[in-house]
Amino acid sequence: MGTQAPRLITIRLLGPCCLLAGNSLVQGVPASFFRIAAYLILSTPEQVQARSQLAALFWPNADDGKAAANLRQSLARIRHVQDEHAFELIEASNSTLHLAPSAGVYCDLIELARHIEGETRLTPLQLARIYGGELLANQDPSSEEFEDWLSSRRNELLLHAVDGIAEGIRPGTDHSQAERSICARRLLELDPYREDAVCVLMEEAAERRHYARVSELYASMHSLLANELGVEPSPETRALYVNLMDTVR
């Protein structure tokens, strides 16, 4: 009898965290699994951290012995999850923790980190799909030290995602209208003040002769800018709106 092929393991750290074995959501994954994985992934390029440093990061108010014991307990729970579902991501030695994803493991943050480091090149559409939201979005607060680190990394990752997705709507690119629209919608979810994204969606609506949608998009942006920032849409956005609506007058 042949051996059963391993199930694909999917780890999502961008947006709500989850672990999937095949298509099944794994319940009871410890928060430390997601936190330590994120910290190791972004500890580029080595993706290795001393156990003592991690213990101090997560339990800064405990003495060294208690912090080390807490880390050992967390690693035992992490090892149990990895053994139960036959995969590896986080490995530990006597002095360090390091990242060692086994075959069949996919992690959105690893993909984004490789893109940022220049190891791979993700398209704007791929970035729009991979960046599901802020890092560790649904995790309860941890230590102040870790939360400070997390806040700075969230901002950095958001900027990288927005810049990369915005490439998909820049004039002169060879992306299809459908791809441009997907990128524009994702940009507005991440940054509702992006007039360039609204312009792409107004053009899409006009192409389909949905002029009520064009007006709705423009009015929504006009209201947001006026109420939140006290400004009007740019001359370019206003000119595009007028030109698109002129076709129905």
# chains A, B, ... in the order shown; residues from 1 in each chain; ligands from 1

call {"tool": "select_by_dssp", "arguments": {"residues": "segment 26-234 of chain A", "states": "alpha helix (DSSP H)", "output": "PyMOL selection string"}}
result
chain A and resi 31-41+51-58+64-84+108-116+124-130+144-166+177-190+195-207+211-224

call {"tool": "residues_around", "arguments": {"residues": "segment 56-70 of chain A", "least_positions_apart": "4", "cutoff": "12 Å", "atoms": "only C-alpha atoms", "output": "list of chain:residue names"}}
result
A:Ala31, A:Ser32, A:Arg35, A:Ile36, A:Tyr39, A:Gln49, A:Ala50, A:Arg51, A:Ser52, A:Ser74, A:Leu75, A:Ala76, A:Arg77, A:Asn94, A:Ser95, A:Thr96, A:Pro141, A:Ser142, A:Ser143, A:Glu144, A:Glu145, A:Phe146, A:Glu147, A:Asp148, A:Trp149, A:Leu150

call {"tool": "select_by_dssp", "arguments": {"residues": "segment 3-215 of chain A", "states": "strand (DSSP E or B)", "output": "ChimeraX atom specification"}}
result
/A:9-12,14,18-21,24-25,48-50,90-92,96-99,105-107,135

call {"tool": "residues_around", "arguments": {"residues": "Thr123 of chain A", "least_positions_apart": "6", "cutoff": "9 Å", "atoms": "only C-alpha atoms", "output": "PyMOL selection string"}}
result
chain A and resi 164-165+167-168

call {"tool": "write_last_selection", "arguments": {"atoms": "all heavy atoms", "output": "short mmCIF file (atom, residue, chain, number, x, y, z; two decimals), in the first residue's frame"}}
result
data_model
loop_
_atom_site.label_atom_id
_atom_site.label_comp_id
_atom_site.auth_asym_id
_atom_site.auth_seq_id
_atom_site.Cartn_x
_atom_site.Cartn_y
_atom_site.Cartn_z
N GLY A 164 3.10 48.13 -3.96
CA GLY A 164 3.11 47.09 -4.98
C GLY A 164 1.79 46.95 -5.70
O GLY A 164 1.76 46.80 -6.93
N ILE A 165 0.70 47.02 -4.96
CA ILE A 165 -0.63 46.91 -5.59
C ILE A 165 -0.89 48.11 -6.49
O ILE A 165 -1.51 47.98 -7.56
CB ILE A 165 -1.72 46.77 -4.52
CG1 ILE A 165 -1.53 45.47 -3.73
CG2 ILE A 165 -3.11 46.79 -5.14
CD1 ILE A 165 -2.37 45.38 -2.47
N GLU A 167 1.07 49.56 -8.38
CA GLU A 167 1.67 49.36 -9.71
C GLU A 167 0.65 48.82 -10.70
O GLU A 167 0.76 49.03 -11.90
CB GLU A 167 2.85 48.39 -9.61
CG GLU A 167 4.07 48.95 -8.89
CD GLU A 167 4.78 50.02 -9.69
OE1 GLU A 167 4.65 50.01 -10.93
OE2 GLU A 167 5.44 50.87 -9.07
N GLY A 168 -0.35 48.14 -10.20
CA GLY A 168 -1.35 47.54 -11.07
C GLY A 168 -2.35 48.53 -11.65
O GLY A 168 -3.14 48.16 -12.53
#

call {"tool": "residues_around", "arguments": {"residues": "Ala137 of chain A", "least_positions_apart": "6", "cutoff": "7 Å", "atoms": "only C-alpha atoms", "output": "count of residues only"}}
result
4

call {"tool": "residues_around", "arguments": {"residues": "segment 222-238 of chain A", "least_positions_apart": "5", "cutoff": "9 Å", "atoms": "only C-alpha atoms", "output": "VMD selection string"}}
result
chain A and resid 192 to 193 195 to 196 198 to 199 217 243

call {"tool": "write_last_selection", "arguments": {"atoms": "N, CA and C atoms", "output": "mmCIF file, in the first residue's frame"}}
result
data_model
loop_
_atom_site.group_PDB
_atom_site.id
_atom_site.type_symbol
_atom_site.label_atom_id
_atom_site.label_comp_id
_atom_site.auth_asym_id
_atom_site.auth_seq_id
_atom_site.Cartn_x
_atom_site.Cartn_y
_atom_site.Cartn_z
ATOM 1 N N PRO A 192 -8.621 54.343 1.836
ATOM 2 C CA PRO A 192 -9.838 54.864 1.203
ATOM 3 C C PRO A 192 -9.675 56.231 0.548
ATOM 4 N N TYR A 193 -8.504 56.866 0.700
ATOM 5 C CA TYR A 193 -8.296 58.195 0.114
ATOM 6 C C TYR A 193 -7.623 58.141 -1.258
ATOM 7 N N GLU A 195 -7.453 58.472 -4.703
ATOM 8 C CA GLU A 195 -8.244 58.970 -5.832
ATOM 9 C C GLU A 195 -7.916 58.211 -7.109
ATOM 10 N N ASP A 196 -6.656 57.794 -7.285
ATOM 11 C CA ASP A 196 -6.301 57.073 -8.502
ATOM 12 C C ASP A 196 -7.072 55.766 -8.608
ATOM 13 N N VAL A 198 -10.108 55.255 -7.319
ATOM 14 C CA VAL A 198 -11.484 55.631 -7.666
ATOM 15 C C VAL A 198 -11.589 55.925 -9.155
ATOM 16 N N CYS A 199 -10.581 56.569 -9.727
ATOM 17 C CA CYS A 199 -10.600 56.880 -11.164
ATOM 18 C C CYS A 199 -10.649 55.605 -12.000
ATOM 19 N N LEU A 217 -19.468 56.660 -7.208
ATOM 20 C CA LEU A 217 -18.058 56.595 -6.828
ATOM 21 C C LEU A 217 -17.482 57.990 -6.595
ATOM 22 N N ASN A 243 -15.610 64.418 -17.861
ATOM 23 C CA ASN A 243 -15.483 63.827 -19.201
ATOM 24 C C ASN A 243 -16.310 62.554 -19.329
#
